[in-house]
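Participant: For reference, this is start-v8.txt, and it has compact mmCIF, C-alpha atoms.
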```txt
# COMPACT_ATOMS: atom_id res chain seq x y z
CA MET A 1 0.00 0.00 0.00
CA VAL A 2 1.35 3.41 -1.03
CA GLN A 3 1.01 6.59 1.00
CA ALA A 4 0.32 9.75 -1.02
CA LYS A 5 0.90 13.32 0.04
CA VAL A 6 -1.92 15.63 -1.05
CA TRP A 7 -2.59 19.35 -0.74
CA ILE A 8 -6.16 20.18 0.26
CA LEU A 9 -8.03 23.46 -0.26
CA THR A 10 -9.20 24.04 3.32
CA GLN A 11 -11.24 27.12 2.52
CA HIS A 12 -11.99 29.11 -0.61
CA PHE A 13 -9.70 32.03 -1.33
CA VAL A 14 -10.77 35.52 -0.31
CA GLY A 15 -8.42 37.96 -1.95
CA PHE A 16 -4.85 36.78 -2.43
CA PRO A 17 -4.25 33.14 -1.34
CA LYS A 18 -2.72 32.49 2.08
CA ASP A 19 -0.88 29.56 3.62
CA SER A 20 -3.96 28.89 5.74
CA ASN A 21 -5.96 28.08 2.58
CA PHE A 22 -3.94 24.87 2.20
CA GLU A 23 -3.30 21.75 4.25
CA LEU A 24 -0.88 18.93 3.54
CA ARG A 25 -2.38 15.51 4.28
CA LEU A 26 -1.42 11.87 3.94
CA GLU A 27 -3.66 9.43 2.07
CA GLN A 28 -3.41 5.64 1.95
CA LEU A 29 -3.93 4.40 -1.61
CA PRO A 30 -5.34 0.96 -2.46
CA GLU A 31 -3.60 -1.46 -4.75
CA PRO A 32 -4.52 -0.86 -8.41
CA LYS A 33 -7.33 -3.06 -9.68
CA ASP A 34 -7.61 -4.48 -13.19
CA GLY A 35 -7.53 -1.58 -15.67
CA GLU A 36 -5.87 0.77 -13.19
CA VAL A 37 -2.37 2.22 -12.76
CA LEU A 38 -0.40 3.72 -9.91
CA LEU A 39 1.24 7.03 -10.79
CA GLU A 40 4.14 8.82 -9.12
CA ALA A 41 4.37 12.56 -9.78
CA LEU A 42 7.64 13.96 -11.13
CA PHE A 43 6.65 17.54 -11.99
CA LEU A 44 3.53 19.51 -11.06
CA SER A 45 2.17 22.64 -12.68
CA VAL A 46 1.02 25.83 -10.97
CA ASP A 47 -1.06 28.06 -13.23
CA PRO A 48 -3.10 31.27 -12.99
CA TYR A 49 -6.34 29.48 -13.96
CA MET A 50 -6.27 27.59 -10.65
CA ARG A 51 -7.21 30.77 -8.78
CA PRO A 52 -10.59 31.48 -10.52
CA PHE A 53 -11.36 27.83 -11.32
CA SER A 54 -11.05 26.86 -7.65
CA LYS A 55 -14.12 28.99 -6.92
CA TYR A 56 -16.32 27.30 -9.49
CA ARG A 57 -14.94 23.77 -9.77
CA MET A 58 -13.86 22.90 -6.23
CA GLN A 59 -15.39 22.38 -2.83
CA GLU A 60 -13.59 23.10 0.41
CA GLY A 61 -11.76 19.91 1.39
CA ASP A 62 -10.99 18.91 -2.21
CA VAL A 63 -7.48 18.18 -3.47
CA MET A 64 -6.18 21.26 -5.30
CA ILE A 65 -6.72 21.01 -9.05
CA GLY A 66 -3.80 20.81 -11.44
CA THR A 67 -1.80 18.88 -14.00
CA GLN A 68 1.34 16.81 -13.52
CA VAL A 69 3.87 14.70 -15.36
CA ALA A 70 3.91 11.29 -13.71
CA LYS A 71 5.59 7.92 -14.06
CA VAL A 72 3.58 4.71 -14.09
CA ILE A 73 5.13 2.65 -11.27
CA HIS A 74 2.55 -0.17 -11.20
CA SER A 75 0.20 -1.10 -14.00
CA LYS A 76 -2.78 -3.32 -14.59
CA ASN A 77 -3.68 -1.44 -17.76
CA ALA A 78 -2.01 -2.51 -21.01
CA LEU A 79 -2.32 0.99 -22.45
CA PHE A 80 0.01 2.37 -19.77
CA PRO A 81 2.87 -0.07 -19.09
CA GLU A 82 5.12 0.33 -16.06
CA GLY A 83 7.87 2.86 -16.64
CA CYS A 84 5.99 5.00 -19.15
CA HIS A 85 5.33 8.70 -18.52
CA VAL A 86 2.01 10.49 -18.78
CA VAL A 87 0.45 13.93 -18.36
CA GLY A 88 -2.68 13.88 -16.23
CA ARG A 89 -5.03 16.18 -14.32
CA CYS A 90 -4.38 14.44 -11.02
CA GLY A 91 -4.22 17.54 -8.84
CA TRP A 92 -1.69 18.40 -6.15
CA ARG A 93 -0.73 14.87 -5.09
CA THR A 94 2.44 12.78 -5.14
CA HIS A 95 0.73 9.48 -6.04
CA THR A 96 -2.52 8.62 -7.79
CA VAL A 97 -4.47 5.48 -8.62
CA SER A 98 -6.08 6.05 -12.01
CA ASP A 99 -8.21 4.02 -14.42
CA GLY A 100 -6.43 5.81 -17.28
CA THR A 101 -9.18 8.34 -18.00
CA GLY A 102 -7.65 11.62 -19.13
CA LEU A 103 -4.07 10.36 -19.07
CA VAL A 104 -2.03 11.41 -22.11
CA PRO A 105 1.28 9.61 -22.84
CA LEU A 106 4.30 11.80 -23.47
CA LEU A 107 5.00 12.19 -27.18
CA PRO A 108 6.77 9.02 -28.40
CA ASP A 109 9.70 10.94 -29.89
CA TRP A 110 10.34 13.03 -26.76
CA PRO A 111 14.13 13.63 -26.68
CA GLN A 112 15.97 11.95 -23.82
CA ASP A 113 17.90 15.14 -23.07
CA LEU A 114 14.74 17.30 -22.87
CA SER A 115 13.22 17.77 -19.42
CA MET A 116 9.77 16.21 -19.14
CA SER A 117 8.71 19.32 -17.21
CA LEU A 118 8.26 21.01 -20.60
CA ALA A 119 5.18 18.83 -21.11
CA LEU A 120 3.58 21.21 -18.60
CA GLY A 121 4.88 24.28 -20.40
CA ALA A 122 6.06 25.04 -23.92
CA ILE A 123 5.28 21.50 -25.16
CA GLY A 124 2.07 21.37 -23.15
CA MET A 125 -1.00 23.38 -22.21
CA PRO A 126 0.66 26.84 -22.25
CA GLY A 127 2.21 26.18 -25.66
CA LEU A 128 -1.13 25.00 -27.01
CA THR A 129 -2.85 28.06 -25.54
CA ALA A 130 -0.41 30.37 -27.30
CA LEU A 131 -0.72 28.50 -30.59
CA TYR A 132 -4.52 28.28 -30.65
CA GLY A 133 -4.93 31.87 -29.49
CA LEU A 134 -2.74 33.13 -32.31
CA GLU A 135 -3.95 30.85 -35.10
CA ASP A 136 -7.55 29.92 -34.32
CA VAL A 137 -8.74 33.02 -32.47
CA LEU A 138 -6.69 35.88 -33.88
CA GLY A 139 -5.87 34.43 -37.29
CA LEU A 140 -2.51 36.20 -37.09
CA GLN A 141 -0.93 36.95 -40.48
CA ALA A 142 2.63 37.71 -41.54
CA GLY A 143 3.42 41.41 -41.41
CA GLU A 144 0.91 42.22 -38.67
CA THR A 145 1.70 43.84 -35.33
CA LEU A 146 0.85 42.00 -32.11
CA LEU A 147 0.63 43.29 -28.54
CA VAL A 148 0.88 40.80 -25.65
CA ASN A 149 0.90 41.51 -21.92
CA ALA A 150 2.22 39.27 -19.14
CA ALA A 151 4.70 38.56 -21.92
CA ALA A 152 7.31 36.89 -19.72
CA GLY A 153 4.85 34.35 -18.34
CA ALA A 154 4.26 30.76 -19.41
CA VAL A 155 1.91 31.69 -22.25
CA GLY A 156 3.04 35.19 -23.13
CA SER A 157 6.68 34.26 -23.72
CA LEU A 158 5.54 31.65 -26.25
CA VAL A 159 2.97 33.95 -27.88
CA GLY A 160 5.71 36.40 -28.76
CA GLN A 161 8.10 33.77 -30.11
CA ILE A 162 5.47 32.05 -32.26
CA ALA A 163 4.33 35.42 -33.62
CA LYS A 164 7.91 36.18 -34.62
CA LEU A 165 8.10 32.78 -36.38
CA LYS A 166 5.08 33.89 -38.36
CA GLY A 167 6.80 37.09 -39.50
CA CYS A 168 5.08 39.57 -37.21
CA LYS A 169 6.16 42.59 -35.20
CA VAL A 170 5.75 41.89 -31.47
CA VAL A 171 5.40 44.32 -28.57
CA GLY A 172 5.34 42.87 -25.05
CA SER A 173 4.96 44.14 -21.50
CA ALA A 174 6.29 42.62 -18.28
CA GLY A 175 6.71 43.61 -14.63
CA THR A 176 10.49 43.71 -14.07
CA ASP A 177 13.52 44.96 -15.95
CA ALA A 178 15.00 41.44 -15.91
CA LYS A 179 11.89 40.10 -17.62
CA VAL A 180 12.06 42.88 -20.21
CA ALA A 181 15.67 41.97 -20.96
CA SER A 182 14.64 38.34 -21.38
CA LEU A 183 11.89 39.29 -23.84
CA LYS A 184 14.39 41.18 -25.97
CA GLU A 185 16.64 38.10 -25.97
CA LEU A 186 13.65 36.07 -27.20
CA GLY A 187 13.33 38.39 -30.19
CA PHE A 188 10.52 40.74 -29.17
CA ASP A 189 10.77 43.93 -31.24
CA THR A 190 9.83 46.09 -28.26
CA ALA A 191 9.45 45.22 -24.59
CA PHE A 192 8.73 47.49 -21.62
CA ASN A 193 8.25 47.39 -17.86
CA TYR A 194 4.67 48.52 -17.28
CA LYS A 195 5.48 49.30 -13.63
CA THR A 196 8.16 51.90 -14.39
CA ILE A 197 6.91 53.70 -17.53
CA SER A 198 5.38 57.13 -17.01
CA SER A 199 2.56 56.63 -19.51
CA LEU A 200 1.16 53.40 -20.98
CA GLU A 201 -0.62 55.50 -23.59
CA GLU A 202 2.61 57.05 -24.85
CA THR A 203 4.59 53.80 -24.60
CA LEU A 204 2.11 51.88 -26.76
CA LYS A 205 1.95 54.72 -29.28
CA LYS A 206 5.74 54.94 -29.53
CA ALA A 207 6.15 51.16 -29.89
CA SER A 208 3.70 51.05 -32.82
CA PRO A 209 2.55 54.46 -34.08
CA ASP A 210 0.16 52.85 -36.58
CA GLY A 211 -1.53 50.77 -33.89
CA TYR A 212 -1.97 47.03 -33.36
CA ASP A 213 -3.65 44.44 -35.57
CA CYS A 214 -3.88 41.88 -32.79
CA TYR A 215 -3.84 41.91 -29.00
CA PHE A 216 -3.26 38.77 -26.89
CA GLU A 217 -4.86 39.62 -23.55
CA ASN A 218 -3.59 37.96 -20.37
CA VAL A 219 -4.11 40.70 -17.79
CA GLY A 220 -7.34 42.69 -18.14
CA GLY A 221 -8.01 45.75 -15.99
CA PRO A 222 -6.71 49.26 -16.77
CA PHE A 223 -4.04 47.96 -19.18
CA SER A 224 -6.75 46.56 -21.41
CA SER A 225 -8.74 49.80 -21.40
CA VAL A 226 -5.73 51.70 -22.75
CA ALA A 227 -4.66 48.98 -25.20
CA LEU A 228 -8.04 48.87 -26.95
CA THR A 229 -7.72 52.53 -27.92
CA HIS A 230 -4.53 51.66 -29.85
CA MET A 231 -6.03 48.91 -31.96
CA LYS A 232 -6.24 49.36 -35.72
CA GLN A 233 -9.54 49.29 -37.55
CA PHE A 234 -10.92 45.73 -37.52
CA GLY A 235 -8.37 44.74 -34.87
CA ARG A 236 -8.72 41.36 -33.15
CA ILE A 237 -8.38 40.63 -29.44
CA ALA A 238 -7.91 37.15 -27.96
CA VAL A 239 -8.87 37.13 -24.27
CA CYS A 240 -6.84 34.38 -22.64
CA GLY A 241 -6.62 35.63 -19.05
CA SER A 242 -7.43 38.42 -16.62
CA ILE A 243 -4.88 37.92 -13.89
CA SER A 244 -5.20 41.51 -12.67
CA SER A 245 -8.67 40.68 -11.33
CA TYR A 246 -8.27 37.12 -10.01
CA ASN A 247 -7.61 38.17 -6.42
CA ASP A 248 -10.04 41.10 -6.24
CA THR A 249 -12.55 41.02 -3.41
CA THR A 250 -14.59 43.78 -5.10
CA PRO A 251 -15.25 43.40 -8.86
CA GLN A 252 -13.51 45.97 -11.06
CA THR A 253 -15.73 48.46 -12.85
CA GLY A 254 -15.27 50.50 -16.06
CA PRO A 255 -14.24 52.29 -18.11
CA TYR A 256 -16.34 50.37 -20.60
CA PRO A 257 -14.92 49.71 -24.09
CA HIS A 258 -18.10 49.54 -26.15
CA LEU A 259 -17.74 52.83 -28.02
CA THR A 260 -14.09 52.13 -28.82
CA MET A 261 -15.04 48.69 -30.10
CA ILE A 262 -17.81 50.13 -32.25
CA MET A 263 -15.78 52.95 -33.77
CA LYS A 264 -12.78 50.69 -34.49
CA GLN A 265 -15.00 47.70 -35.40
CA LEU A 266 -13.01 45.41 -33.15
CA LYS A 267 -13.50 41.69 -32.64
CA MET A 268 -12.90 40.36 -29.11
CA GLU A 269 -13.12 36.66 -28.27
CA GLY A 270 -12.55 34.79 -25.03
CA PHE A 271 -11.24 31.26 -25.28
CA MET A 272 -10.09 28.20 -23.37
CA VAL A 273 -7.51 25.80 -24.74
CA SER A 274 -9.79 22.79 -24.33
CA ARG A 275 -11.86 23.89 -27.36
CA TRP A 276 -9.24 22.44 -29.73
CA GLU A 277 -8.38 19.30 -27.75
CA HIS A 278 -9.09 17.20 -30.83
CA LYS A 279 -5.89 18.43 -32.47
CA ASN A 280 -3.59 18.56 -29.46
CA GLN A 281 -1.32 15.72 -30.59
CA GLU A 282 -0.66 17.32 -33.97
CA SER A 283 -0.07 20.70 -32.31
CA LEU A 284 2.27 19.30 -29.66
CA LYS A 285 4.36 17.74 -32.43
CA ARG A 286 4.64 21.18 -34.09
CA LEU A 287 5.76 22.78 -30.83
CA LEU A 288 8.31 20.02 -30.18
CA ALA A 289 9.67 20.38 -33.72
CA TRP A 290 10.20 24.12 -33.19
CA GLN A 291 12.00 23.37 -29.93
CA LYS A 292 14.27 20.81 -31.58
CA GLU A 293 15.08 23.29 -34.36
CA GLY A 294 16.05 25.94 -31.81
CA LYS A 295 13.18 28.19 -32.84
CA LEU A 296 11.35 28.06 -29.52
CA GLN A 297 13.04 28.91 -26.23
CA CYS A 298 11.37 27.23 -23.27
CA LEU A 299 11.67 29.36 -20.14
CA GLU A 300 11.01 27.67 -16.79
CA HIS A 301 10.89 28.66 -13.13
CA ILE A 302 11.46 25.47 -11.13
CA THR A 303 10.62 25.15 -7.42
CA GLU A 304 12.05 22.10 -5.65
CA GLY A 305 9.90 20.06 -3.29
CA PHE A 306 6.24 19.01 -3.15
CA GLU A 307 5.96 20.72 0.24
CA ASN A 308 6.45 24.05 -1.57
CA MET A 309 3.37 23.77 -3.83
CA PRO A 310 1.45 26.61 -2.11
CA ALA A 311 4.49 28.90 -2.09
CA ALA A 312 5.11 28.23 -5.79
CA PHE A 313 1.46 28.91 -6.58
CA MET A 314 1.38 32.19 -4.67
CA GLY A 315 4.73 33.24 -6.11
CA MET A 316 3.45 32.65 -9.62
CA LEU A 317 0.35 34.77 -8.94
CA GLN A 318 2.53 37.69 -7.85
CA GLY A 319 4.86 37.38 -10.84
CA ASP A 320 7.94 35.74 -9.33
CA ASN A 321 8.32 33.41 -12.32
CA LEU A 322 10.05 33.96 -15.64
CA GLY A 323 8.38 31.51 -18.00
CA LYS A 324 6.49 28.44 -16.79
CA ALA A 325 6.20 27.85 -13.04
CA VAL A 326 6.75 24.17 -12.20
CA VAL A 327 7.30 22.22 -9.00
CA LYS A 328 9.78 19.33 -9.08
CA VAL A 329 8.92 16.61 -6.59
```
Let me see the structure of the file written as structure tokens.

Facilitator:
Amino acid sequence: MVQAKVWILTQHFVGFPKDSNFELRLEQLPEPKDGEVLLEALFLSVDPYMRPFSKYRMQEGDVMIGTQVAKVIHSKNALFPEGCHVVGRCGWRTHTVSDGTGLVPLLPDWPQDLSMSLALGAIGMPGLTALYGLEDVLGLQAGETLLVNAAAGAVGSLVGQIAKLKGCKVVGSAGTDAKVASLKELGFDTAFNYKTISSLEETLKKASPDGYDCYFENVGGPFSSVALTHMKQFGRIAVCGSISSYNDTTPQTGPYPHLTMIMKQLKMEGFMVSRWEHKNQESLKRLLAWQKEGKLQCLEHITEGFENMPAAFMGMLQGDNLGKAVVKV
């Protein structure tokens, strides 16, 4: 019998998460039955979506939601032999007994010298989010100008790189000078620290005097209100996230963008990556090929130790990470 460590949501978040919202518990797991496997977590993901989703998809006392890369250490399921590696939505737990539902094997041609943690990042959900947002929502075309905020995060850093691969001009914002320097190394045409500029209005205008064809929205709030006024006619906005509002106790209000959207004839669309799940395998192969060719840099912020899951989660929400935030067990 295996003992699993699990992180429980003791009470729903009010404002920014606190240590007291989490509790580490031990759980005795049964032996796998026919058709089941026993998984051991290697890497776990912490992502912004966990903050709003916890309110709607979790009860107090539930294991925290999340995705992990795990190794099959005991199998009674021929589809998942012992020793293979999978990506699964198992939550914040070190060990899981699963009937195989929702488990996705790592790509068969995954390079031996490539960390499997990237299956939670550039060659995983964040990479797919960037790709689908650019191609299926925005319909980004060569020669266009793209604006992306939270550009040094797990998704934003990939959005900018993929847009450059497509022959676009890319402007990105981030919250520290070190992150801005990293964006420039990734090939962003312009990058700026939104915390230190004197005027977002003037900064966006200077970066692209003719405006922006596309805007990949990760932040929301006041940044978005200013950005919409700099869109070109018939501009397109992909709304991926709104991290500026996730920890608000009082909902943000106005200004409201309707007149700007009417006068500029803008198209704004919210999306979740799961919409295109049917083509994930093909898309993951594209992302892996770009990585192998040196066209896609995969930034990671690794925290060691399962006991540090809450700290890694809270650090990610306040912008401590450069690239994808991952916990290594």

Participant: What are the closest atom pairs, with distances in Å to one decimal, for each residue of segment 113-219 of chain A lying within 6 Å of segment 239-253 of chain A, using only C-alpha atoms, rows by chain and rising residue number, as a Markdown table?

Facilitator:
```
| residue | atom | partner | partner_atom | distance |
| --- | --- | --- | --- | --- |
| A:Glu217 | CA | A:Val239 | CA | 4.8 |
| A:Asn218 | CA | A:Gly241 | CA | 4.0 |
| A:Val219 | CA | A:Ser242 | CA | 4.2 |
```

Participant: For Asp177 of chain A, find every residue with an atom within 9 Å (counting only C-alpha atoms), except residues of its own chain fewer than 4 positions away, and show them as a compact mmCIF listing (two decimals) with C-alpha atoms, in the coordinates of the input.

Facilitator:
```txt
# COMPACT_ATOMS: atom_id res chain seq x y z
CA ALA A 181 15.67 41.97 -20.96
CA SER A 182 14.64 38.34 -21.38
CA PHE A 192 8.73 47.49 -21.62
CA ASN A 193 8.25 47.39 -17.86
CA THR A 196 8.16 51.90 -14.39
```

Participant: Report, in Å with one decimal, the straight-line distance from atom CA of Gly294 of chain A to atom CA of Gly172 of chain A.

Facilitator: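 Taking atom CA of Gly294 of chain A and atom CA of Gly172 of chain A, their separation equals 21.1 Å.
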
Participant: Considering only C-alpha atoms, return as number ranges by chain whatever protein or nucleic-acid residues lie within 8 Å of Met231 of chain A, sequence-local ones (same chain, fewer than 5 positions apart) excluded.

Facilitator: A: 211-215, 264, 266

Participant: Report the closest atom pair, with its distance in Å rounded to one decimal, for each residue of segment 91-191 of chain A that has an atom no farther than 9 Å from segment 298-303 of chain A; count only C-alpha atoms, sort by chain and then rising residue number, and write it as a Markdown table.

Facilitator:
```
| residue | atom | partner | partner_atom | distance |
| --- | --- | --- | --- | --- |
| A:Ser117 | CA | A:Glu300 | CA | 8.7 |
| A:Leu118 | CA | A:Cys298 | CA | 7.4 |
| A:Gly121 | CA | A:Cys298 | CA | 7.7 |
| A:Ala122 | CA | A:Cys298 | CA | 5.8 |
| A:Ile123 | CA | A:Cys298 | CA | 8.6 |
| A:Ala152 | CA | A:Leu299 | CA | 8.7 |
| A:Gly153 | CA | A:Leu299 | CA | 8.6 |
| A:Ala154 | CA | A:Leu299 | CA | 7.6 |
| A:Ser157 | CA | A:Leu299 | CA | 7.9 |
| A:Leu158 | CA | A:Cys298 | CA | 7.9 |
```

Participant: Could you write segment 153-175 of chain A as a short mmCIF file (atom, residue, chain, number, x, y, z; two decimals), in the frame of the given file, with N, CA, C and O atoms rebuilt where they are missing?

Facilitator:
```
data_model
loop_
_atom_site.label_atom_id
_atom_site.label_comp_id
_atom_site.auth_asym_id
_atom_site.auth_seq_id
_atom_site.Cartn_x
_atom_site.Cartn_y
_atom_site.Cartn_z
N GLY A 153 5.46 35.50 -19.00
CA GLY A 153 4.85 34.35 -18.34
C GLY A 153 4.87 33.11 -19.21
O GLY A 153 5.41 33.10 -20.32
N ALA A 154 4.24 32.05 -18.71
CA ALA A 154 4.26 30.76 -19.41
C ALA A 154 3.68 30.86 -20.81
O ALA A 154 4.23 30.31 -21.77
N VAL A 155 2.56 31.55 -20.94
CA VAL A 155 1.91 31.69 -22.25
C VAL A 155 2.49 32.85 -23.04
O VAL A 155 2.84 32.71 -24.22
N GLY A 156 2.61 33.99 -22.41
CA GLY A 156 3.04 35.19 -23.13
C GLY A 156 4.39 35.06 -23.80
O GLY A 156 4.59 35.54 -24.92
N SER A 157 5.34 34.39 -23.13
CA SER A 157 6.68 34.26 -23.72
C SER A 157 6.65 33.41 -24.98
O SER A 157 7.48 33.59 -25.89
N LEU A 158 5.69 32.48 -25.05
CA LEU A 158 5.54 31.65 -26.25
C LEU A 158 4.74 32.37 -27.33
O LEU A 158 5.03 32.22 -28.52
N VAL A 159 3.75 33.15 -26.92
CA VAL A 159 2.97 33.95 -27.88
C VAL A 159 3.90 34.82 -28.71
O VAL A 159 3.83 34.85 -29.95
N GLY A 160 4.80 35.52 -28.04
CA GLY A 160 5.71 36.40 -28.76
C GLY A 160 6.63 35.66 -29.70
O GLY A 160 6.85 36.09 -30.85
N GLN A 161 7.17 34.53 -29.26
CA GLN A 161 8.10 33.77 -30.11
C GLN A 161 7.40 33.19 -31.33
O GLN A 161 7.94 33.22 -32.44
N ILE A 162 6.19 32.64 -31.13
CA ILE A 162 5.47 32.05 -32.26
C ILE A 162 5.07 33.14 -33.24
O ILE A 162 5.13 32.94 -34.47
N ALA A 163 4.68 34.30 -32.73
CA ALA A 163 4.33 35.42 -33.62
C ALA A 163 5.53 35.85 -34.45
O ALA A 163 5.40 36.17 -35.64
N LYS A 164 6.71 35.84 -33.86
CA LYS A 164 7.91 36.18 -34.62
C LYS A 164 8.18 35.12 -35.69
O LYS A 164 8.60 35.45 -36.81
N LEU A 165 7.94 33.83 -35.38
CA LEU A 165 8.10 32.78 -36.38
C LEU A 165 7.18 33.00 -37.57
O LEU A 165 7.48 32.58 -38.70
N LYS A 166 6.05 33.65 -37.31
CA LYS A 166 5.08 33.89 -38.36
C LYS A 166 5.34 35.21 -39.11
O LYS A 166 4.54 35.62 -39.95
N GLY A 167 6.43 35.88 -38.78
CA GLY A 167 6.80 37.09 -39.50
C GLY A 167 6.09 38.35 -39.04
O GLY A 167 5.83 39.26 -39.83
N CYS A 168 5.81 38.43 -37.75
CA CYS A 168 5.08 39.57 -37.21
C CYS A 168 5.98 40.46 -36.35
O CYS A 168 7.01 40.03 -35.85
N LYS A 169 5.54 41.69 -36.17
CA LYS A 169 6.16 42.59 -35.20
C LYS A 169 5.49 42.35 -33.86
O LYS A 169 4.26 42.25 -33.78
N VAL A 170 6.29 42.24 -32.78
CA VAL A 170 5.75 41.89 -31.47
C VAL A 170 6.17 42.92 -30.42
O VAL A 170 7.36 43.24 -30.29
N VAL A 171 5.18 43.41 -29.69
CA VAL A 171 5.40 44.32 -28.57
C VAL A 171 4.88 43.63 -27.31
O VAL A 171 3.75 43.14 -27.28
N GLY A 172 5.73 43.56 -26.27
CA GLY A 172 5.34 42.87 -25.05
C GLY A 172 5.59 43.69 -23.80
O GLY A 172 6.53 44.50 -23.76
N SER A 173 4.77 43.48 -22.79
CA SER A 173 4.96 44.14 -21.50
C SER A 173 5.20 43.11 -20.42
O SER A 173 4.68 41.99 -20.48
N ALA A 174 6.00 43.49 -19.41
CA ALA A 174 6.29 42.62 -18.28
C ALA A 174 6.50 43.49 -17.05
O ALA A 174 6.51 44.73 -17.15
N GLY A 175 6.71 42.86 -15.88
CA GLY A 175 6.71 43.61 -14.63
C GLY A 175 8.05 43.85 -13.98
O GLY A 175 8.11 44.45 -12.91
#
```
